[in-house]
file data_36.txt (compact mmCIF, C-alpha atoms)
# COMPACT_ATOMS: atom_id res chain seq x y z
CA MET Q 164 61.55 111.37 146.89
CA LEU Q 165 62.85 110.81 143.37
CA LEU Q 166 59.51 111.80 141.81
CA SER Q 167 59.36 114.91 143.98
CA SER Q 168 62.88 115.91 142.97
CA ALA Q 169 62.09 115.44 139.28
CA VAL Q 170 58.98 117.60 139.50
CA SER Q 171 60.88 120.30 141.38
CA THR Q 172 63.62 120.34 138.76
CA THR Q 173 61.14 120.71 135.90
CA ILE Q 174 59.32 123.57 137.56
CA SER Q 175 62.52 125.50 138.30
CA ARG Q 176 63.87 125.38 134.73
CA LYS Q 177 63.96 128.78 133.07
CA VAL Q 178 63.38 129.65 129.43
CA ILE Q 179 66.23 131.68 127.96
CA ASN Q 180 65.56 133.46 124.67
CA ASN Q 181 67.19 136.90 125.06
CA VAL Q 182 70.92 136.50 125.60
CA ALA Q 183 73.61 139.10 126.27
CA LEU Q 184 77.05 138.22 124.92
CA ILE Q 185 79.69 139.80 127.16
CA GLY Q 186 83.45 139.87 126.75
CA PRO Q 187 86.35 142.27 127.34
CA PRO Q 188 87.87 144.41 124.58
CA GLY Q 189 90.12 142.15 122.54
CA SER Q 190 88.17 138.98 123.35
CA GLY Q 191 86.70 138.68 119.84
CA LYS Q 192 83.16 139.16 121.11
CA GLY Q 193 81.87 140.91 118.00
CA SER Q 194 83.17 138.24 115.64
CA TYR Q 195 82.02 135.33 117.81
CA GLY Q 196 78.57 136.91 118.10
CA LYS Q 197 78.11 137.18 114.34
CA ILE Q 198 79.18 133.58 113.72
CA LEU Q 199 77.07 132.21 116.58
CA ALA Q 200 73.99 134.13 115.38
CA ASP Q 201 74.37 132.64 111.92
CA GLN Q 202 74.79 129.11 113.23
CA LEU Q 203 71.96 128.87 115.77
CA PRO Q 204 70.27 130.88 114.07
CA ALA Q 205 69.60 133.94 116.23
CA THR Q 206 68.90 137.62 115.75
CA LEU Q 207 72.01 139.68 116.57
CA ILE Q 208 71.38 143.14 118.03
CA SER Q 209 74.40 145.46 117.99
CA THR Q 210 73.73 148.25 120.47
CA SER Q 211 76.20 150.63 118.83
CA ASP Q 212 74.54 150.10 115.43
CA VAL Q 213 71.08 150.70 116.94
CA ILE Q 214 72.20 153.92 118.64
CA ARG Q 215 73.83 155.27 115.48
CA ASN Q 216 70.73 154.39 113.44
CA ILE Q 217 68.41 156.12 115.89
CA ALA Q 218 70.63 159.19 116.06
CA SER Q 219 70.45 159.59 112.28
CA ARG Q 220 66.65 159.76 112.20
CA GLY Q 221 64.39 162.69 113.10
CA THR Q 222 64.61 165.66 115.44
CA GLU Q 223 63.25 163.67 118.39
CA ASN Q 224 66.66 162.00 118.68
CA GLU Q 225 68.66 165.22 119.06
CA LYS Q 226 69.91 164.31 122.56
CA ILE Q 227 71.42 161.06 121.33
CA ARG Q 228 72.90 162.69 118.25
CA ALA Q 229 74.37 165.54 120.30
CA ALA Q 230 76.00 163.09 122.73
CA ILE Q 231 77.52 161.08 119.89
CA ASP Q 232 78.78 164.19 118.07
CA SER Q 233 80.43 165.48 121.23
CA GLY Q 234 82.04 162.13 122.02
CA SER Q 235 80.18 161.91 125.34
CA LEU Q 236 78.95 158.67 126.85
CA LEU Q 237 75.19 158.16 126.69
CA ASP Q 238 73.62 157.82 130.11
CA ASP Q 239 72.15 154.45 131.10
CA SER Q 240 68.50 155.50 130.80
CA MET Q 241 69.06 156.95 127.33
CA VAL Q 242 70.69 153.73 126.08
CA SER Q 243 68.02 151.51 127.61
CA GLU Q 244 65.14 153.60 126.27
CA ALA Q 245 66.65 153.79 122.77
CA LEU Q 246 67.21 150.04 122.61
CA GLN Q 247 63.75 149.23 123.96
CA SER Q 248 62.17 151.58 121.41
CA TYR Q 249 64.07 149.87 118.59
CA LEU Q 250 63.08 146.38 119.77
CA LEU Q 251 59.42 147.31 120.10
CA SER Q 252 59.26 148.91 116.67
CA SER Q 253 61.15 146.05 115.04
CA SER Q 254 59.02 143.32 116.59
CA SER Q 255 55.77 145.06 115.61
CA SER Q 256 56.78 145.91 112.04
CA SER Q 257 56.86 143.43 109.18
CA SER Q 258 59.87 145.31 107.84
CA GLY Q 259 61.71 145.16 111.18
CA LYS Q 260 65.08 143.54 111.56
CA LEU Q 261 64.10 140.94 114.15
CA ASN Q 262 64.25 137.47 112.64
CA ALA Q 263 60.78 136.00 113.08
CA ALA Q 264 62.10 132.48 112.39
CA SER Q 265 64.61 132.74 115.24
CA LYS Q 266 63.73 131.85 118.80
CA ILE Q 267 66.74 133.65 120.22
CA THR Q 268 68.04 137.21 120.29
CA ILE Q 269 71.71 137.91 121.05
CA PHE Q 270 72.60 141.36 122.43
CA ASP Q 271 76.09 142.69 121.67
CA GLY Q 272 76.97 145.77 123.74
CA PHE Q 273 74.10 145.70 126.23
CA PRO Q 274 74.02 145.80 129.18
CA ARG Q 275 77.28 147.61 129.94
CA THR Q 276 76.43 148.65 133.50
CA ILE Q 277 74.43 147.22 136.38
CA ASP Q 278 72.20 150.31 136.21
CA GLN Q 279 71.26 149.37 132.66
CA VAL Q 280 70.30 145.93 133.96
CA LYS Q 281 68.10 147.49 136.65
CA ILE Q 282 66.39 149.83 134.18
CA MET Q 283 65.76 146.95 131.78
CA GLU Q 284 64.31 144.70 134.47
CA GLU Q 285 62.07 147.46 135.83
CA THR Q 286 60.79 149.01 132.59
CA TRP Q 287 61.07 146.59 129.66
CA PRO Q 288 58.21 144.22 128.75
CA SER Q 289 58.93 140.66 129.84
CA HIS Q 290 59.26 139.26 126.31
CA LEU Q 291 62.16 141.62 125.58
CA LYS Q 292 64.10 141.34 128.85
CA ILE Q 293 67.54 139.72 128.78
CA ASN Q 294 67.28 136.47 130.70
CA GLY Q 295 70.65 134.89 130.05
CA VAL Q 296 74.29 135.96 129.74
CA ILE Q 297 77.21 134.32 127.93
CA ASN Q 298 80.55 135.51 129.31
CA LEU Q 299 83.65 135.08 127.17
CA GLU Q 300 86.41 134.29 129.66
CA VAL Q 301 89.54 135.56 127.95
CA PRO Q 302 92.51 136.45 130.20
CA ARG Q 303 93.51 140.08 130.36
CA LYS Q 304 96.99 139.34 129.02
CA VAL Q 305 95.49 137.73 125.92
CA CYS Q 306 93.13 140.69 125.37
CA GLU Q 307 96.03 143.12 125.62
CA MET Q 308 97.98 141.23 122.97
CA LYS Q 309 94.99 140.99 120.64
CA LEU Q 310 94.25 144.71 121.02
CA GLN Q 311 97.85 145.61 120.24
CA GLY Q 312 97.83 143.21 117.28
CA ARG Q 313 94.87 144.70 115.42
CA ARG Q 314 95.75 145.83 111.90
CA ARG Q 315 94.19 146.49 108.52
CA CYS Q 316 95.79 145.61 105.19
CA LYS Q 317 96.05 148.68 102.95
CA ASN Q 318 96.03 146.46 99.86
CA CYS Q 319 92.89 144.36 100.37
CA GLY Q 320 91.20 146.26 103.23
CA LYS Q 321 90.86 143.14 105.38
CA SER Q 322 91.03 143.41 109.16
CA VAL Q 323 93.77 141.17 110.57
CA ASN Q 324 95.51 140.47 113.86
CA ILE Q 325 99.25 139.91 114.02
CA ALA Q 326 99.32 138.81 117.69
CA ASP Q 327 100.63 135.29 118.32
CA VAL Q 328 99.16 133.96 121.55
CA ASN Q 329 100.47 130.55 122.60
CA HIS Q 330 100.94 128.35 125.66
CA GLN Q 331 104.01 130.32 126.69
CA VAL Q 332 101.92 133.50 126.89
CA GLU Q 333 98.83 132.07 128.60
CA GLU Q 334 98.24 128.44 129.54
CA HIS Q 335 95.62 126.66 127.38
CA PHE Q 336 95.19 129.59 124.95
CA VAL Q 337 96.52 129.11 121.41
CA LEU Q 338 95.52 131.98 119.11
CA PRO Q 339 97.84 132.29 116.10
CA PRO Q 340 97.91 135.42 113.92
CA VAL Q 341 94.93 135.95 111.59
CA LEU Q 342 96.34 137.40 108.38
CA CYS Q 343 95.13 138.23 104.89
CA ASN Q 344 96.03 136.36 101.71
CA CYS Q 345 97.95 139.19 100.04
CA SER Q 346 101.36 138.17 98.68
CA SER Q 347 102.81 141.49 99.88
CA PRO Q 348 100.52 142.75 102.64
CA SER Q 349 100.85 146.23 104.09
CA TYR Q 350 99.43 146.38 107.62
CA VAL Q 351 98.46 149.59 109.41
CA ILE Q 352 97.06 150.10 112.92
CA MET Q 353 93.25 150.26 112.87
CA ARG Q 354 92.69 152.39 115.98
CA GLU Q 355 94.98 155.11 117.26
CA ASP Q 356 94.22 154.21 120.89
CA ASP Q 357 95.69 150.74 120.25
CA ARG Q 358 99.09 152.45 120.07
CA CYS Q 359 98.88 153.66 123.67
CA LEU Q 360 99.25 151.01 126.35
CA ASP Q 361 97.96 153.38 129.03
CA VAL Q 362 94.72 154.05 127.15
CA MET Q 363 94.24 150.34 126.52
CA GLU Q 364 94.76 149.53 130.21
CA LYS Q 365 92.17 152.14 131.20
CA ARG Q 366 89.66 150.65 128.73
CA LEU Q 367 90.14 147.21 130.26
CA ASP Q 368 89.98 148.55 133.83
CA LEU Q 369 86.69 150.30 133.03
CA TYR Q 370 85.28 147.15 131.44
CA TYR Q 371 86.06 144.94 134.45
CA ASN Q 372 84.78 147.52 136.96
CA LEU Q 373 81.47 147.90 135.12
CA THR Q 374 80.97 144.27 134.14
CA THR Q 375 81.74 142.39 137.36
CA PRO Q 376 78.43 143.42 139.06
CA ILE Q 377 76.50 142.35 135.92
CA LEU Q 378 78.07 138.90 135.88
CA GLU Q 379 77.49 138.48 139.62
CA HIS Q 380 73.84 139.47 139.19
CA PHE Q 381 73.12 136.88 136.49
CA GLU Q 382 75.26 134.21 138.14
CA THR Q 383 73.22 134.56 141.32
CA SER Q 384 70.09 133.98 139.24
CA GLY Q 385 71.58 130.88 137.58
CA LEU Q 386 71.52 132.59 134.18
CA LEU Q 387 75.24 132.85 133.41
CA LEU Q 388 77.16 130.68 130.92
CA PRO Q 389 80.97 131.10 131.05
CA PHE Q 390 82.97 130.05 127.99
CA ALA Q 391 86.70 130.20 127.29
CA PRO Q 392 87.58 130.20 123.54
CA PHE Q 393 91.01 128.60 123.99
CA LYS Q 394 91.57 128.20 120.24
CA GLY Q 395 89.75 131.26 118.94
CA TYR Q 396 87.72 130.64 115.78
CA LEU Q 397 88.71 126.97 115.82
CA ASP Q 398 86.65 126.68 119.01
CA MET Q 399 83.43 127.86 117.32
CA PRO Q 400 82.01 124.30 116.98
CA ARG Q 401 82.60 123.77 120.72
CA PHE Q 402 81.11 127.20 121.46
CA GLU Q 403 77.99 126.46 119.43
CA GLU Q 404 77.57 123.05 121.04
CA THR Q 405 78.01 124.51 124.55
CA VAL Q 406 75.42 127.23 123.89
CA ARG Q 407 72.96 124.74 122.36
CA ASP Q 408 73.26 122.46 125.41
CA TRP Q 409 72.73 125.42 127.73
CA LEU Q 410 69.65 126.58 125.84
CA ALA Q 411 68.27 123.05 125.60
CA ASN Q 412 68.58 122.60 129.35
CA THR Q 413 66.47 125.73 129.86
CA ASN Q 414 63.67 124.63 127.51
CA CYS Q 415 64.68 126.95 124.65
CA VAL Q 416 66.01 124.67 121.91
CA ALA Q 417 67.56 126.13 118.78
CA PRO Q 418 66.98 124.14 115.58
CA SER Q 419 70.08 122.07 114.88
CA THR Q 420 72.25 122.73 111.84
CA LEU Q 421 74.76 120.00 112.67
call {"tool": "encode", "arguments": {"input": "data_36.txt", "output": "structure tokens"}}
result
Amino acid sequence: MLLSSAVSTTISRKVINNVALIGPPGSGKGSYGKILADQLPATLISTSDVIRNIASRGTENEKIRAAIDSGSLLDDSMVSEALQSYLLSSSSSSSGKLNAASKITIFDGFPRTIDQVKIMEETWPSHLKINGVINLEVPRKVCEMKLQGRRRCKNCGKSVNIADVNHQVEEHFVLPPVLCNCSSPSYVIMREDDRCLDVMEKRLDLYYNLTTPILEHFETSGLLLPFAPFKGYLDMPRFEETVRDWLANTNCVAPSTL
């Protein structure tokens, strides 16, 4: 029985090499993704950067450019097709941005809807399909504070966050302000919509409504890794170790830098 169980376990293990990093607005997802990609190492794909890059090239991308210029949301098929096209061209070109030395690709900003997941699974080649999801579990109250705390220093240009999240705000989470080193800093709000609580609440509502089916989909498949960054950037070593263990247990081992 023990031998049978061991064989069954080995056969059922999945290889994860294309990972989506998901987290609500204000969770720090973009920053965590960049640091994690550097540490593993992994190739980081920013969907927004890819879309903007594609929109700036050639007349064949007029639909994407027109949608961006008008402020409209790109439909799911358009986003999926644009990202797939970029990945295919990058992986086949010696001048592409995919890191050939990296075994892992981290997607920031895709998928955003369950329909994007379905399109990807039905139309993308298997070697490009996302087969694992890391979910940053940051409470809504913390995200609201971090969104409202975003600033930029007019003197040095550094992005900062004046929010002070502590145990009294949310149990277990301790996220002190992240400030610049200016002796006399002058902070200004980075995004106008951060001023409006109603707009911020709608952004978060939309995120949770769209993301919950995605998380349920990957959790059902056993391909979801939840992680709570209780101490923000100070938790990066724990984050890296958790991700490495997860990848190692699915037969995709990142070279250690520890």
call {"tool": "closest_residue", "arguments": {"input": "data_36.txt", "among": "Q:Leu184, Q:Met308, Q:Ile377, Q:Cys359", "to": "Leu338 of chain Q", "atoms": "all atoms listed in the file"}}
result
Q:Met308
call {"tool": "residues_around", "arguments": {"input": "data_36.txt", "residues": "Met283 of chain Q", "least_positions_apart": "5", "cutoff": "12 Å", "atoms": "all atoms listed in the file", "output": "ChimeraX atom specification"}}
result
/Q:239-248,273-278,288-294
call {"tool": "residues_around", "arguments": {"input": "data_36.txt", "residues": "Glu355 of chain Q", "least_positions_apart": "5", "cutoff": "12 Å", "atoms": "only C-alpha atoms", "output": "PyMOL selection string"}}
result
chain Q and resi 310-311+313-314+360+362-363
call {"tool": "closest_residue", "arguments": {"input": "data_36.txt", "among": "Q:Thr383, Q:Lys226, Q:Gly272, Q:Leu342", "to": "Asp212 of chain Q", "atoms": "only C-alpha atoms"}}
result
Q:Gly272
call {"tool": "atom_distance", "arguments": {"input": "data_36.txt", "atom1": "atom CA of Glu382 of chain Q", "atom2": "atom CA of Gly295 of chain Q"}}
result
9.3 Å
call {"tool": "atom_distance", "arguments": {"input": "data_36.txt", "atom1": "atom CA of Glu284 of chain Q", "atom2": "atom CA of Phe390 of chain Q"}}
result
24.6 Å
call {"tool": "closest_residue", "arguments": {"input": "data_36.txt", "among": "Q:Lys309, Q:Lys321, Q:Arg220, Q:Lys304", "to": "Gly191 of chain Q", "atoms": "all atoms listed in the file"}}
result
Q:Lys309
call {"tool": "atom_distance", "arguments": {"input": "data_36.txt", "atom1": "atom CA of Leu378 of chain Q", "atom2": "atom CA of Val296 of chain Q"}}
result
7.8 Å
call {"tool": "residues_around", "arguments": {"input": "data_36.txt", "residues": "Gly193 of chain Q", "least_positions_apart": "2", "cutoff": "9 Å", "atoms": "only C-alpha atoms", "output": "PyMOL selection string"}}
result
chain Q and resi 184+186+190-191+195-198+209+271-272
call {"tool": "closest_residue", "arguments": {"input": "data_36.txt", "among": "Q:Arg401, Q:Ala326, Q:Ser253, Q:Cys319", "to": "Ser347 of chain Q", "atoms": "all atoms listed in the file"}}
result
Q:Cys319
call {"tool": "residues_around", "arguments": {"input": "data_36.txt", "residues": "Lys317 of chain Q", "least_positions_apart": "4", "cutoff": "8 Å", "atoms": "only C-alpha atoms", "output": "VMD selection string"}}
result
chain Q and resid 321 348 to 351
call {"tool": "closest_residue", "arguments": {"input": "data_36.txt", "among": "Q:Met353, Q:Ala391, Q:Val280, Q:Leu250", "to": "Glu334 of chain Q", "atoms": "only C-alpha atoms"}}
result
Q:Ala391
call {"tool": "closest_residue", "arguments": {"input": "data_36.txt", "among": "Q:Leu237, Q:Ala229, Q:Ile297, Q:Val341", "to": "Thr405 of chain Q", "atoms": "only C-alpha atoms"}}
result
Q:Ile297
call {"tool": "decode", "arguments": {"input": "data_36.txt", "residues": "segment 307-356 of chain Q", "atoms": "C-alpha atoms", "output": "PDB file, in the first residue's frame"}}
result
ATOM      1  CA  GLU Q 307      -7.776  50.868   1.282  1.00  0.00           C
ATOM      2  CA  MET Q 308      -5.227  52.448   3.605  1.00  0.00           C
ATOM      3  CA  LYS Q 309      -2.331  51.752   1.251  1.00  0.00           C
ATOM      4  CA  LEU Q 310      -4.241  53.193  -1.710  1.00  0.00           C
ATOM      5  CA  GLN Q 311      -5.066  56.349   0.224  1.00  0.00           C
ATOM      6  CA  GLY Q 312      -1.454  56.596   1.402  1.00  0.00           C
ATOM      7  CA  ARG Q 313       0.208  56.637  -2.021  1.00  0.00           C
ATOM      8  CA  ARG Q 314       2.307  59.745  -2.612  1.00  0.00           C
ATOM      9  CA  ARG Q 315       5.221  61.017  -4.662  1.00  0.00           C
ATOM     10  CA  CYS Q 316       7.940  63.326  -3.366  1.00  0.00           C
ATOM     11  CA  LYS Q 317       8.217  66.451  -5.523  1.00  0.00           C
ATOM     12  CA  ASN Q 318      11.851  66.874  -4.486  1.00  0.00           C
ATOM     13  CA  CYS Q 319      13.357  63.467  -5.328  1.00  0.00           C
ATOM     14  CA  GLY Q 320      10.554  61.942  -7.435  1.00  0.00           C
ATOM     15  CA  LYS Q 321      10.390  58.786  -5.313  1.00  0.00           C
ATOM     16  CA  SER Q 322       7.095  56.976  -4.851  1.00  0.00           C
ATOM     17  CA  VAL Q 323       6.243  56.613  -1.153  1.00  0.00           C
ATOM     18  CA  ASN Q 324       3.370  55.490   1.048  1.00  0.00           C
ATOM     19  CA  ILE Q 325       2.444  57.392   4.186  1.00  0.00           C
ATOM     20  CA  ALA Q 326      -0.070  54.800   5.474  1.00  0.00           C
ATOM     21  CA  ASP Q 327       0.750  53.267   8.859  1.00  0.00           C
ATOM     22  CA  VAL Q 328      -0.848  49.835   9.107  1.00  0.00           C
ATOM     23  CA  ASN Q 329      -0.427  48.137  12.479  1.00  0.00           C
ATOM     24  CA  HIS Q 330      -2.014  45.508  14.713  1.00  0.00           C
ATOM     25  CA  GLN Q 331      -4.701  47.941  15.806  1.00  0.00           C
ATOM     26  CA  VAL Q 332      -5.820  48.347  12.185  1.00  0.00           C
ATOM     27  CA  GLU Q 333      -5.654  44.703  11.098  1.00  0.00           C
ATOM     28  CA  GLU Q 334      -4.491  41.764  13.204  1.00  0.00           C
ATOM     29  CA  HIS Q 335      -1.085  40.326  12.170  1.00  0.00           C
ATOM     30  CA  PHE Q 336      -0.385  43.057   9.570  1.00  0.00           C
ATOM     31  CA  VAL Q 337       2.386  45.542  10.374  1.00  0.00           C
ATOM     32  CA  LEU Q 338       3.173  47.817   7.418  1.00  0.00           C
ATOM     33  CA  PRO Q 339       4.842  51.068   8.496  1.00  0.00           C
ATOM     34  CA  PRO Q 340       5.101  54.074   6.173  1.00  0.00           C
ATOM     35  CA  VAL Q 341       7.608  53.818   3.311  1.00  0.00           C
ATOM     36  CA  LEU Q 342       9.152  57.267   2.933  1.00  0.00           C
ATOM     37  CA  CYS Q 343      11.975  58.901   1.010  1.00  0.00           C
ATOM     38  CA  ASN Q 344      15.255  60.139   2.483  1.00  0.00           C
ATOM     39  CA  CYS Q 345      14.702  63.833   1.780  1.00  0.00           C
ATOM     40  CA  SER Q 346      15.345  66.105   4.766  1.00  0.00           C
ATOM     41  CA  SER Q 347      12.317  68.222   3.796  1.00  0.00           C
ATOM     42  CA  PRO Q 348      10.081  66.010   1.662  1.00  0.00           C
ATOM     43  CA  SER Q 349       7.094  67.393  -0.213  1.00  0.00           C
ATOM     44  CA  TYR Q 350       4.521  64.675  -0.866  1.00  0.00           C
ATOM     45  CA  VAL Q 351       1.758  64.911  -3.462  1.00  0.00           C
ATOM     46  CA  ILE Q 352      -0.986  62.415  -4.349  1.00  0.00           C
ATOM     47  CA  MET Q 353       0.061  60.187  -7.257  1.00  0.00           C
ATOM     48  CA  ARG Q 354      -3.379  59.349  -8.660  1.00  0.00           C
ATOM     49  CA  GLU Q 355      -6.419  61.594  -8.606  1.00  0.00           C
ATOM     50  CA  ASP Q 356      -8.754  58.630  -8.067  1.00  0.00           C
TER      51      ASP Q 356
END
